[in-house]
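Colleague: My structure is in structure-v2.csv, and what it holds is CSV, C-alpha atoms and all ligand atoms:
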```csv
chain,number,residue,atom,x,y,z
A,3,MET,CA,63.9,94.0,107.5
A,4,GLN,CA,64.1,93.2,111.2
A,5,VAL,CA,67.2,91.0,111.0
A,6,PHE,CA,68.0,91.2,114.7
A,7,ASP,CA,65.6,89.9,117.3
A,8,ALA,CA,67.4,91.4,120.3
A,9,ILE,CA,70.7,93.3,121.0
A,10,TYR,CA,72.4,93.0,124.4
A,11,LYS,CA,74.9,95.5,125.6
A,12,LYS,CA,77.8,93.9,127.4
A,13,GLU,CA,80.8,96.1,128.4
A,14,ASN,CA,82.6,96.8,125.1
A,15,MET,CA,80.7,94.2,123.2
A,16,LEU,CA,77.3,93.9,121.7
A,17,GLN,CA,75.5,90.5,121.4
A,18,CYS,CA,72.9,90.1,118.7
A,19,LYS,CA,70.3,87.4,118.4
A,20,PHE,CA,69.0,86.8,114.9
A,21,SER,CA,65.3,86.9,114.0
A,22,ASP,CA,65.6,84.1,111.6
A,23,ASN,CA,67.9,81.0,111.7
A,24,PHE,CA,66.9,79.4,108.5
A,25,ILE,CA,70.4,79.9,107.0
A,26,HIS,CA,71.9,77.8,109.8
A,27,PRO,CA,69.5,75.8,112.0
A,28,ASP,CA,71.7,76.0,115.1
A,29,TYR,CA,73.2,79.6,114.8
A,30,LEU,CA,71.5,81.8,117.4
A,31,GLY,CA,73.5,84.9,117.2
A,32,THR,CA,77.0,86.4,117.6
A,33,GLU,CA,78.9,89.0,119.7
A,34,PHE,CA,81.2,91.7,118.3
A,35,PRO,CA,83.3,94.6,119.6
A,36,LEU,CA,81.7,98.0,119.7
A,37,GLY,CA,82.5,100.3,116.8
A,38,HIS,CA,84.9,98.0,114.8
A,39,HIS,CA,82.2,96.3,112.6
A,40,LEU,CA,80.7,99.7,112.0
A,41,ILE,CA,84.0,101.0,110.6
A,42,ASN,CA,84.3,97.9,108.4
A,43,ALA,CA,80.7,98.5,107.2
A,44,ILE,CA,81.3,102.1,106.2
A,45,LEU,CA,84.7,101.4,104.6
A,46,LEU,CA,83.7,98.1,103.1
A,47,ASP,CA,86.7,96.4,101.4
A,48,VAL,CA,84.6,95.3,98.4
A,49,LEU,CA,87.2,93.2,96.7
A,50,GLN,CA,87.8,91.2,99.9
A,51,VAL,CA,84.1,90.8,100.7
A,52,GLU,CA,83.4,89.7,97.1
A,53,LYS,CA,85.9,86.9,97.6
A,54,TYR,CA,84.1,86.0,100.9
A,55,TYR,CA,80.8,85.9,99.0
A,56,CYS,CA,82.3,83.9,96.2
A,57,ASN,CA,83.3,81.3,98.7
A,58,LEU,CA,79.9,81.4,100.4
A,59,ILE,CA,78.0,80.9,97.2
A,60,LYS,CA,80.2,78.0,96.1
A,61,THR,CA,80.0,76.2,99.4
A,62,TYR,CA,76.3,76.8,99.9
A,63,ILE,CA,75.5,75.4,96.4
A,64,SER,CA,77.7,72.3,97.2
A,65,TYR,CA,75.8,71.9,100.4
A,66,LEU,CA,72.4,72.1,98.8
A,67,ASP,CA,73.6,69.6,96.2
A,68,ASP,CA,74.8,67.2,98.8
A,69,GLU,CA,73.8,67.9,102.4
A,70,ASN,CA,76.6,66.0,104.1
A,71,GLU,CA,78.6,67.2,107.2
A,72,SER,CA,81.7,68.1,105.4
A,73,ASN,CA,79.9,70.3,103.0
A,74,PHE,CA,78.0,71.9,105.8
A,75,LYS,CA,81.2,72.7,107.7
A,76,LYS,CA,82.7,74.4,104.6
A,77,TYR,CA,79.5,76.4,104.2
A,78,GLU,CA,79.4,77.3,107.9
A,79,ASN,CA,83.0,78.6,107.8
A,80,ALA,CA,82.2,80.8,104.8
A,81,LEU,CA,79.1,82.2,106.6
A,82,PHE,CA,81.0,82.9,109.8
A,83,GLN,CA,83.9,84.6,107.9
A,84,ILE,CA,81.5,87.3,106.6
A,85,ASP,CA,79.8,87.8,110.0
A,86,ASP,CA,83.2,88.0,111.7
A,87,TYR,CA,84.3,90.7,109.2
A,88,CYS,CA,81.1,92.7,109.5
A,89,ILE,CA,77.9,91.7,111.2
A,90,TYR,CA,76.0,94.3,109.2
A,91,LEU,CA,76.4,92.2,106.1
A,92,HIS,CA,74.2,89.5,107.7
A,93,GLU,CA,71.1,90.9,106.1
A,94,THR,CA,72.8,90.9,102.6
A,95,THR,CA,73.8,87.3,103.3
A,96,GLN,CA,70.3,86.3,104.3
A,97,VAL,CA,68.8,87.9,101.2
A,98,LEU,CA,71.3,86.2,98.9
A,99,LEU,CA,71.0,82.7,100.5
A,100,THR,CA,67.2,82.9,100.6
A,101,ALA,CA,67.2,83.5,96.8
A,102,ILE,CA,69.7,80.7,96.1
A,103,LYS,CA,67.7,78.2,98.2
A,104,LYS,CA,64.4,79.2,96.6
A,105,ILE,CA,65.6,78.6,93.0
A,106,HIS,CA,68.1,75.8,93.4
A,107,PRO,CA,68.3,73.3,91.7
A,108,ASN,CA,65.6,74.0,89.0
A,109,TYR,CA,66.5,77.7,88.2
A,110,SER,CA,63.1,78.7,86.9
A,111,LEU,CA,62.8,82.4,86.3
A,112,GLY,CA,59.3,82.6,88.0
A,113,ASP,CA,60.9,81.6,91.4
A,114,LEU,CA,63.3,84.5,91.3
A,115,ILE,CA,61.1,87.3,90.0
A,116,ASP,CA,60.6,88.9,93.5
A,117,PHE,CA,64.4,88.8,94.1
A,118,ILE,CA,65.3,90.2,90.7
A,119,ASP,CA,62.7,93.0,91.1
A,120,THR,CA,64.6,94.5,94.0
A,121,PHE,CA,67.5,95.6,91.6
A,122,LYS,CA,68.0,98.5,89.2
A,123,PRO,CA,66.6,98.1,85.6
A,124,GLN,CA,70.1,97.4,84.1
A,125,GLU,CA,71.0,94.9,86.9
A,126,LYS,CA,67.6,93.2,86.5
A,127,LEU,CA,68.3,92.8,82.8
A,128,GLU,CA,71.7,91.3,83.4
A,129,LEU,CA,70.5,88.9,86.0
A,130,THR,CA,67.5,87.8,83.8
A,131,GLU,CA,69.8,87.2,80.8
A,132,GLN,CA,72.2,85.2,82.9
A,133,LEU,CA,69.5,83.1,84.3
A,134,ARG,CA,68.3,82.2,80.8
A,135,THR,CA,71.7,80.9,79.8
A,136,ILE,CA,72.1,78.7,82.8
A,137,GLN,CA,70.2,75.8,81.2
A,138,LYS,CA,71.9,74.1,78.4
A,139,ASP,CA,70.6,70.9,76.8
A,140,GLY,CA,68.1,70.6,79.7
A,141,GLN,CA,71.0,70.6,82.2
A,142,ILE,CA,71.8,73.3,84.8
A,143,GLN,CA,75.4,74.7,84.3
A,144,LEU,CA,77.1,75.1,87.6
A,145,LYS,CA,79.5,77.7,86.1
A,146,GLY,CA,76.6,79.8,85.0
A,147,CYS,CA,75.0,79.5,88.5
A,148,LEU,CA,78.1,80.7,90.2
A,149,LYS,CA,78.4,83.6,87.7
A,150,LEU,CA,74.8,84.6,88.3
A,151,TRP,CA,75.1,84.6,92.1
A,152,ASN,CA,78.5,86.4,92.2
A,153,ASN,CA,76.9,89.0,90.0
A,154,ALA,CA,73.9,89.3,92.3
A,155,ALA,CA,76.2,89.5,95.3
A,156,GLY,CA,78.1,92.3,93.6
A,157,PHE,CA,74.8,94.3,93.1
A,158,LEU,CA,73.8,93.6,96.7
A,159,LEU,CA,77.1,95.0,97.9
A,160,ASP,CA,76.7,98.1,95.7
A,161,LYS,CA,73.4,98.6,97.5
A,162,PHE,CA,75.0,98.1,100.9
A,163,LYS,CA,77.6,100.7,100.1
A,164,ALA,CA,75.0,103.2,99.0
A,165,PHE,CA,73.0,102.5,102.1
A,166,THR,CA,76.0,103.1,104.4
A,167,ASP,CA,76.9,106.4,102.8
A,168,THR,CA,74.9,108.5,105.2
A,169,ILE,CA,76.3,106.9,108.3
A,170,TYR,CA,79.8,107.2,106.8
A,171,ARG,CA,79.2,111.0,106.5
A,172,ASP,CA,77.9,111.1,110.1
A,173,VAL,CA,80.9,109.2,111.5
A,174,PHE,CA,83.3,111.4,109.4
A,175,ASP,CA,81.7,114.6,110.8
A,176,ILE,CA,81.8,113.3,114.4
A,177,CYS,CA,85.5,112.5,113.9
A,178,ASN,CA,86.1,116.1,112.9
A,179,SER,CA,84.7,117.5,116.2
A,180,PRO,CA,87.5,119.1,118.4
A,181,ALA,CA,89.6,116.7,120.3
A,182,GLU,CA,88.5,118.0,123.7
A,183,VAL,CA,84.9,117.1,123.0
A,184,LYS,CA,84.1,113.7,124.5
A,185,GLY,CA,81.3,111.2,124.6
A,186,LEU,CA,77.9,111.8,123.1
A,187,ASP,CA,78.8,115.5,122.9
A,188,ARG,CA,80.7,114.6,119.7
A,189,LEU,CA,77.4,114.5,118.0
A,190,ASN,CA,77.6,118.3,118.0
A,191,GLY,CA,80.0,117.8,115.1
A,192,LEU,CA,76.9,117.1,112.9
A,193,ASP,CA,74.8,119.7,111.2
A,194,THR,CA,71.5,120.6,112.8
A,195,LYS,CA,69.3,118.6,110.4
A,196,ARG,CA,71.3,115.4,111.0
A,197,LYS,CA,71.3,116.0,114.7
A,198,ILE,CA,67.5,116.3,114.7
A,199,ASP,CA,67.2,113.1,112.6
A,200,LEU,CA,69.4,111.2,115.0
A,201,PHE,CA,67.8,112.6,118.1
A,202,ARG,CA,64.5,111.2,116.8
A,203,MET,CA,65.8,107.6,116.7
A,204,GLU,CA,64.3,105.4,119.3
A,205,PHE,CA,65.8,102.3,120.9
A,206,PRO,CA,63.3,100.9,123.4
A,207,THR,CA,65.5,99.3,126.0
A,208,CYS,CA,64.7,96.8,128.7
A,209,LEU,CA,66.6,94.6,131.0
A,210,SER,CA,67.0,91.0,130.0
A,211,VAL,CA,69.3,88.0,130.3
A,212,ASP,CA,72.0,88.1,127.7
A,213,LEU,CA,73.1,85.1,125.6
A,214,GLY,CA,75.8,84.0,128.0
A,215,ASN,CA,79.3,82.8,127.0
A,216,SER,CA,80.0,82.5,123.3
A,217,VAL,CA,82.0,79.8,121.4
A,218,ASN,CA,84.5,81.7,119.2
A,219,SER,CA,82.1,84.8,119.4
A,220,LYS,CA,79.1,82.7,118.2
A,221,PHE,CA,76.0,81.4,120.1
A,222,PHE,CA,74.3,78.2,119.2
A,223,TYR,CA,70.9,76.8,120.3
A,224,SER,CA,72.6,73.5,121.1
A,225,LYS,CA,75.1,75.1,123.5
A,226,LEU,CA,72.8,77.5,125.4
A,227,THR,CA,73.4,77.5,129.2
A,228,ASP,CA,72.0,79.4,132.1
A,229,GLU,CA,75.2,81.6,132.4
A,230,GLY,CA,73.6,84.8,131.1
A,231,SER,CA,73.9,88.1,133.0
A,232,ILE,CA,71.2,90.7,133.3
A,233,VAL,CA,72.0,93.5,130.9
A,234,SER,CA,70.4,96.4,129.0
A,235,SER,CA,68.9,95.2,125.7
A,236,ILE,CA,66.9,96.4,122.8
A,237,SER,CA,64.6,94.3,120.7
A,238,GLN,CA,63.5,94.1,117.0
A,239,CYS,CA,66.2,96.0,115.2
A,240,SER,CA,67.0,96.7,111.6
A,241,THR,CA,70.6,96.8,110.3
A,242,GLU,CA,70.5,100.6,110.2
A,243,GLN,CA,69.1,100.9,113.7
A,244,LEU,CA,71.8,98.5,115.0
A,245,MET,CA,74.5,100.6,113.3
A,246,TYR,CA,73.4,103.7,115.0
A,247,TYR,CA,73.0,102.0,118.3
A,248,ASP,CA,76.5,100.8,117.9
A,249,LEU,CA,77.7,104.3,117.1
A,250,PHE,CA,75.9,106.0,120.0
A,251,THR,CA,77.1,103.3,122.5
A,252,SER,CA,80.7,103.6,121.1
A,253,LEU,CA,80.5,107.4,121.8
A,254,GLU,CA,79.0,106.9,125.2
A,255,LYS,CA,81.9,104.5,126.0
A,256,ASP,CA,84.4,107.2,124.7
A,257,LEU,CA,85.9,104.9,122.1
A,258,PRO,CA,88.6,106.9,120.4
A,259,ILE,CA,87.0,106.9,116.9
A,260,LYS,CA,89.1,109.2,114.8
A,261,LEU,CA,90.4,110.0,111.3
A,262,CYS,CA,93.7,108.4,110.3
A,263,LYS,CA,96.4,110.9,109.6
A,264,ASN,CA,97.4,109.1,106.4
A,265,CYS,CA,94.2,108.0,104.7
A,266,ASN,CA,91.8,110.5,106.4
A,267,LYS,CA,89.3,107.6,107.0
A,268,PRO,CA,87.7,106.8,110.3
A,269,PHE,CA,89.3,104.1,112.5
A,270,ILE,CA,89.5,102.9,116.1
A,271,PRO,CA,93.0,102.2,117.3
A,272,LYS,CA,93.4,98.5,118.3
A,273,GLY,CA,96.3,99.3,120.5
A,274,ARG,CA,97.2,102.6,122.1
A,275,PRO,CA,94.2,105.0,122.0
A,276,ASP,CA,96.5,107.9,121.0
A,277,SER,CA,97.6,106.1,117.7
A,278,LEU,CA,97.4,108.5,114.8
A,279,TYR,CA,97.4,105.9,112.0
A,280,CYS,CA,95.1,102.9,111.1
A,281,ASP,CA,96.5,99.5,110.3
A,282,ARG,CA,94.7,99.2,106.9
A,283,ILE,CA,96.3,99.1,103.5
A,284,MET,CA,94.2,101.7,101.7
A,285,PRO,CA,93.6,101.5,98.0
A,286,GLY,CA,96.5,103.0,96.1
A,287,PHE,CA,98.9,102.4,98.9
A,288,LYS,CA,101.5,99.5,99.2
A,289,TYR,CA,101.9,99.6,102.9
A,290,LYS,CA,99.7,99.9,106.0
A,291,CYS,CA,99.0,103.5,107.1
A,292,VAL,CA,100.7,102.8,110.4
A,293,SER,CA,104.0,101.9,108.5
A,294,ILE,CA,103.7,104.9,106.3
A,295,GLY,CA,103.1,107.0,109.4
A,296,ALA,CA,106.2,105.6,111.1
A,297,GLN,CA,108.3,106.3,108.0
A,298,ASN,CA,107.0,109.9,107.9
A,299,ALA,CA,107.7,110.4,111.5
A,300,TYR,CA,111.2,109.1,110.9
A,301,LYS,CA,111.8,111.3,107.9
A,302,SER,CA,110.4,114.4,109.7
A,303,LYS,CA,113.2,113.9,112.3
A,304,GLN,CA,115.8,113.4,109.6
A,305,PRO,CA,116.3,116.9,108.4
A,306,ASP,CA,117.7,118.1,111.7
A,307,ILE,CA,120.4,115.5,112.1
A,308,GLU,CA,121.0,114.8,108.5
A,309,VAL,CA,121.2,118.5,107.6
A,310,GLU,CA,123.7,118.9,110.4
A,311,PHE,CA,125.7,116.0,109.1
A,312,TYR,CA,125.8,117.4,105.5
A,313,ALA,CA,126.6,120.9,106.9
A,314,ALA,CA,129.6,119.4,108.8
A,315,ARG,CA,130.7,117.5,105.7
A,316,LYS,CA,130.6,120.7,103.7
A,317,ARG,CA,132.6,122.5,106.4
A,318,TYR,CA,135.3,119.8,106.3
A,319,SER,CA,135.3,119.8,102.5
A,320,THR,CA,136.0,123.5,102.5
A,321,ARG,CA,138.8,123.1,105.0
A,322,SER,CA,140.4,120.3,103.0
A,323,LEU,CA,140.2,122.5,99.8
A,324,ARG,CA,142.0,125.3,101.6
A,325,ASN,CA,144.5,122.9,103.2
A,326,PRO,CA,145.3,120.1,100.7
A,327,ILE,CA,147.2,118.2,103.3
A,328,LEU,CA,143.9,117.3,104.8
A,329,LYS,CA,142.5,115.8,101.6
A,330,PRO,CA,143.5,112.2,102.2
A,331,GLU,CA,142.1,112.4,105.7
A,332,PHE,CA,138.9,113.9,104.4
A,333,ASP,CA,138.5,111.1,101.8
A,334,VAL,CA,138.8,108.5,104.5
A,335,TRP,CA,136.3,110.5,106.6
A,336,LYS,CA,133.8,110.7,103.7
A,337,ILE,CA,133.7,106.9,103.4
A,338,LYS,CA,133.4,106.5,107.2
A,339,GLY,CA,130.7,109.2,107.1
A,340,ARG,CA,128.6,107.2,104.6
A,341,GLU,CA,128.9,104.1,106.8
A,342,LYS,CA,127.9,106.1,109.9
A,343,LEU,CA,124.9,107.6,108.1
A,344,THR,CA,123.7,104.2,107.0
A,345,ALA,CA,124.2,102.8,110.5
A,346,TYR,CA,122.1,105.7,111.8
A,347,ARG,CA,119.4,105.3,109.3
A,348,ASN,CA,119.2,101.6,110.1
A,349,GLY,CA,118.9,102.4,113.8
A,350,GLU,CA,122.3,100.8,114.6
A,351,ILE,CA,123.5,104.0,116.3
A,352,SER,CA,121.5,106.7,117.9
A,353,ALA,CA,121.2,110.3,116.6
A,354,ASP,CA,123.4,111.4,119.6
A,355,GLU,CA,126.2,108.9,118.8
A,356,PHE,CA,126.0,109.9,115.1
A,357,ARG,CA,126.3,113.6,116.0
A,358,THR,CA,129.1,113.1,118.4
A,359,TRP,CA,131.0,111.3,115.7
A,360,PHE,CA,130.6,113.9,112.9
A,361,MET,CA,131.1,116.9,115.2
A,362,ASP,CA,134.5,115.5,116.3
A,363,ASP,CA,136.5,117.6,113.9
A,364,GLU,CA,139.8,117.5,115.8
A,365,TRP,CA,141.6,116.0,112.8
A,366,THR,CA,140.7,119.0,110.7
A,367,LYS,CA,142.6,121.3,113.0
A,368,ILE,CA,146.0,119.9,111.9
A,401,ZN,ZN,94.7,104.9,107.4
```
Translate this file's structure into C-alpha cells.

Modeller:
Amino acid sequence: MQVFDAIYKKENMLQCKFSDNFIHPDYLGTEFPLGHHLINAILLDVLQVEKYYCNLIKTYISYLDDENESNFKKYENALFQIDDYCIYLHETTQVLLTAIKKIHPNYSLGDLIDFIDTFKPQEKLELTEQLRTIQKDGQIQLKGCLKLWNNAAGFLLDKFKAFTDTIYRDVFDICNSPAEVKGLDRLNGLDTKRKIDLFRMEFPTCLSVDLGNSVNSKFFYSKLTDEGSIVSSISQCSTEQLMYYDLFTSLEKDLPIKLCKNCNKPFIPKGRPDSLYCDRIMPGFKYKCVSIGAQNAYKSKQPDIEVEFYAARKRYSTRSLRNPILKPEFDVWKIKGREKLTAYRNGEISADEFRTWFMDDEWTKI
C-alpha cells in the first residue's frame, strides 16, 4: 500500500504527506525525527500501543455515532497519539479505520469479508464468530463492537511485528559493526545477501517544496502557507520503503544508533551521543536502563573504596583484639564507620573524604 504520497528530507527530520486523507479530512501529513520512529516500530511496545488503539476505536465509533466537534477532537487526539508514537503505524490505523467505517453501524458480515480475509485462518474464525454475536435482539451491542475491533487491532499489530522483524535484524547487525565504522559504511555489518537486497532498493528523488512549518509536528490543508523550502524528496512510498529510507538517511547523518548496554536493543541517545544506555523500561525490568546503568557504574566503583574500608576495619579490629584497651575506641569507630559508609553511599561525602577518614588510624597507635 502506498500510504505516503511524498517524503521531504529536512535536516534531522522527515516530513511525510499522506496519500489518503479520508481518516481526517484536514490532516495532510506530519514530520518526525530521523531514526526514532524506526526504533519504536522495531521495538513496538505492544501493550502501550494496544491501549492507544483501544482509545482510537472507542473515540472513532463515538464520532461515527455522533459527528459533533467534541467527539471529533477526542478521535483526532487518539489518532495523533499513535502517529506521534510511530508514524509507521499509520497504515495499520488506516486499514482498521477503513474497516470500521465500512461496516458501522449495521455490522453485516458481507461488508467485512475483504477485511477478514486478510487474516490467518484462526483469526478469521475468531473475528467472524465475534461479528455474529454483536447483534442481539436486533440491536448492535457496543461492547461486542469494541471487543471485535480491539481483537482485530491486536491481530494487525501481530502482523506489523512480523513485518518489522527483518528490518529489526538489519538494524541490530548494523549496530554490531565496529565503533570506528561511520555513516553508510555501517551497512557492511550486514551479510552479503542482505546488502545486495538493500542496494537494490530505489528511492527516486527530486527537488520539491516541502510542507513548510508544522503545527505541533502536523500539517493541515487549512493551514498551508507558502513558507516551504526547496528540499530533496521522494514520492509514492510504502511503509517498508519509508522505514529503509529513514534508516539510510539516519546512517548518512551519522546518527549514533547503537545497542543499549543493558537490554541489548537498538536505541538512539536523546541526550549525549556517547550514552551507553537507553531510557526505556524493558519488559522484565522495574527501572529504566539508564538508571540500571548508573547503578551498575556506581557499584563497579564500589569494590575499590568499600573493599579498602572493610580491609581497614579488619586491621583495626585485629589491633583492638591484640590490645584490649583499644576496644571501646574501636566500638565507637565502628558506629561512626557505618555512618560514614552510608553518607558515602548517599553521595553526601566523596570517596576521597571517606578514605581520608577511615585511613586516619592515629587512635589505634595508642
Ligand atoms: Zn536499554

Colleague: Set out as JSON lines a contact list for region 11-78 of chain A and region 98-119 of chain A with a cut-off of 8 Å, giving each residue of region 11-78 of chain A that qualifies its closest atom pair and distance in Å to one decimal, counting only C-alpha atoms, ordered by chain and rising residue number.

Modeller:
```
{"residue": "A:Ile25", "atom": "CA", "partner": "A:Leu99", "partner_atom": "CA", "distance": 7.1}
{"residue": "A:Ile59", "atom": "CA", "partner": "A:Leu99", "partner_atom": "CA", "distance": 7.9}
{"residue": "A:Tyr62", "atom": "CA", "partner": "A:Leu99", "partner_atom": "CA", "distance": 8.0}
{"residue": "A:Ile63", "atom": "CA", "partner": "A:Ile102", "partner_atom": "CA", "distance": 7.9}
{"residue": "A:Leu66", "atom": "CA", "partner": "A:Lys103", "partner_atom": "CA", "distance": 7.7}
{"residue": "A:Asp67", "atom": "CA", "partner": "A:Pro107", "partner_atom": "CA", "distance": 7.9}
```

Colleague: May I have the residues at most 12 Å from (83.4, 81.0, 109.3) in the file's coordinates, counting all atoms listed in the file, as a list in words?

Modeller: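 Collected hits near the coordinates: His26, Tyr29, Thr32, Tyr54, Tyr55, Asn57, Leu58, Thr61, Phe74, Lys75, Lys76, Tyr77, Glu78, Asn79, Ala80, Leu81, Phe82, Gln83, Ile84, Asp85, Asp86, Tyr87, Cys88, Asn218, Ser219 and Lys220 of chain A.
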
Colleague: Hey, which residues sit close to ligand ZN 401 (chain A)? Say within 6 Å, counting only C-alpha atoms and all ligand atoms, and write them as a ChimeraX atom specification.

Modeller: /A:262,264-265,279-280,282,291

Colleague: Name the residues in contact with Tyr318 (chain A) at a cut-off of 12 Å, using all atoms listed in the file, excluding same-chain residues fewer than 5 positions from it; report them as a ChimeraX atom specification.

Modeller: /A:311-313,323-326,328-336,339,360-367

Colleague: Using all atoms listed in the file, which of the listed residues (A:Lys255, A:His39, A:Arg134, A:Lys53) sits closest to Tyr90 (chain A)?

Modeller: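 Comparing A:Lys255, A:His39, A:Arg134, A:Lys53 against Tyr90 (chain A), the winner is A:His39.
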
Colleague: Let me make sure I understand: among A:Phe121, A:Phe221, A:Phe165, A:Tyr65, which one has the smallest atom-to-atom distance to Lys19 (chain A) if we use only C-alpha atoms?

Modeller: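 Smallest distance to Lys19 (chain A) is found for A:Phe221.
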
Colleague: Find the residues around Gly214 (chain A) up to 7 Å (all atoms listed in the file counted), leave out those fewer than 5 positions away in its own chain, and share them as a ChimeraX atom specification.

Modeller: /A:229-231

Colleague: Kindly give the distance, in Å, that separates CA of Ile176 (chain A) and CA of Arg188 (chain A), rounded to a single decimal.

Modeller: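 Separation of CA of Ile176 (chain A) and CA of Arg188 (chain A): 5.6 Å.
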
Colleague: Could you tell me how far CA of Ile294 (chain A) lies from CA of His38 (chain A), in Å and to one decimal?

Modeller: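 The value is 21.8 Å.
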
Colleague: Mind pulling up the distance from CA of Phe222 (chain A) to CA of His92 (chain A)?

Modeller: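 Between CA of His92 (chain A) and CA of Phe222 (chain A) the gap is 16.1 Å.
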
Colleague: Rank A:Val233, A:Ile337, A:Leu40, A:Leu213 by their smallest atom-to-atom distance to Ser252 (chain A), using all atoms listed in the file, and report the top residue only.

Modeller: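 Under the stated criterion, the closest residue is A:Leu40.
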
Colleague: Measuring atom to atom with only C-alpha atoms, identify which of A:Lys60, A:Lys138, A:Asp175, A:Met203 is nearest to Gly191 (chain A).

Modeller: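 Among the listed residues, A:Asp175 lies closest to Gly191 (chain A).
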
Colleague: Let me make sure I understand: among A:Ser210, A:Thr251, A:Asn298, A:Asn23, which one has the smallest atom-to-atom distance to Ile236 (chain A) if we use all atoms listed in the file?

Modeller: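 Going through A:Ser210, A:Thr251, A:Asn298, A:Asn23 one by one, the smallest distance to Ile236 (chain A) is for A:Ser210.
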
Colleague: Using all atoms listed in the file, which of the listed residues (A:Thr120, A:Thr135, A:Gln243, A:Gln143) sits closest to Thr166 (chain A)?

Modeller: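 Checking each candidate against Thr166 (chain A), we get A:Gln243 as the closest.
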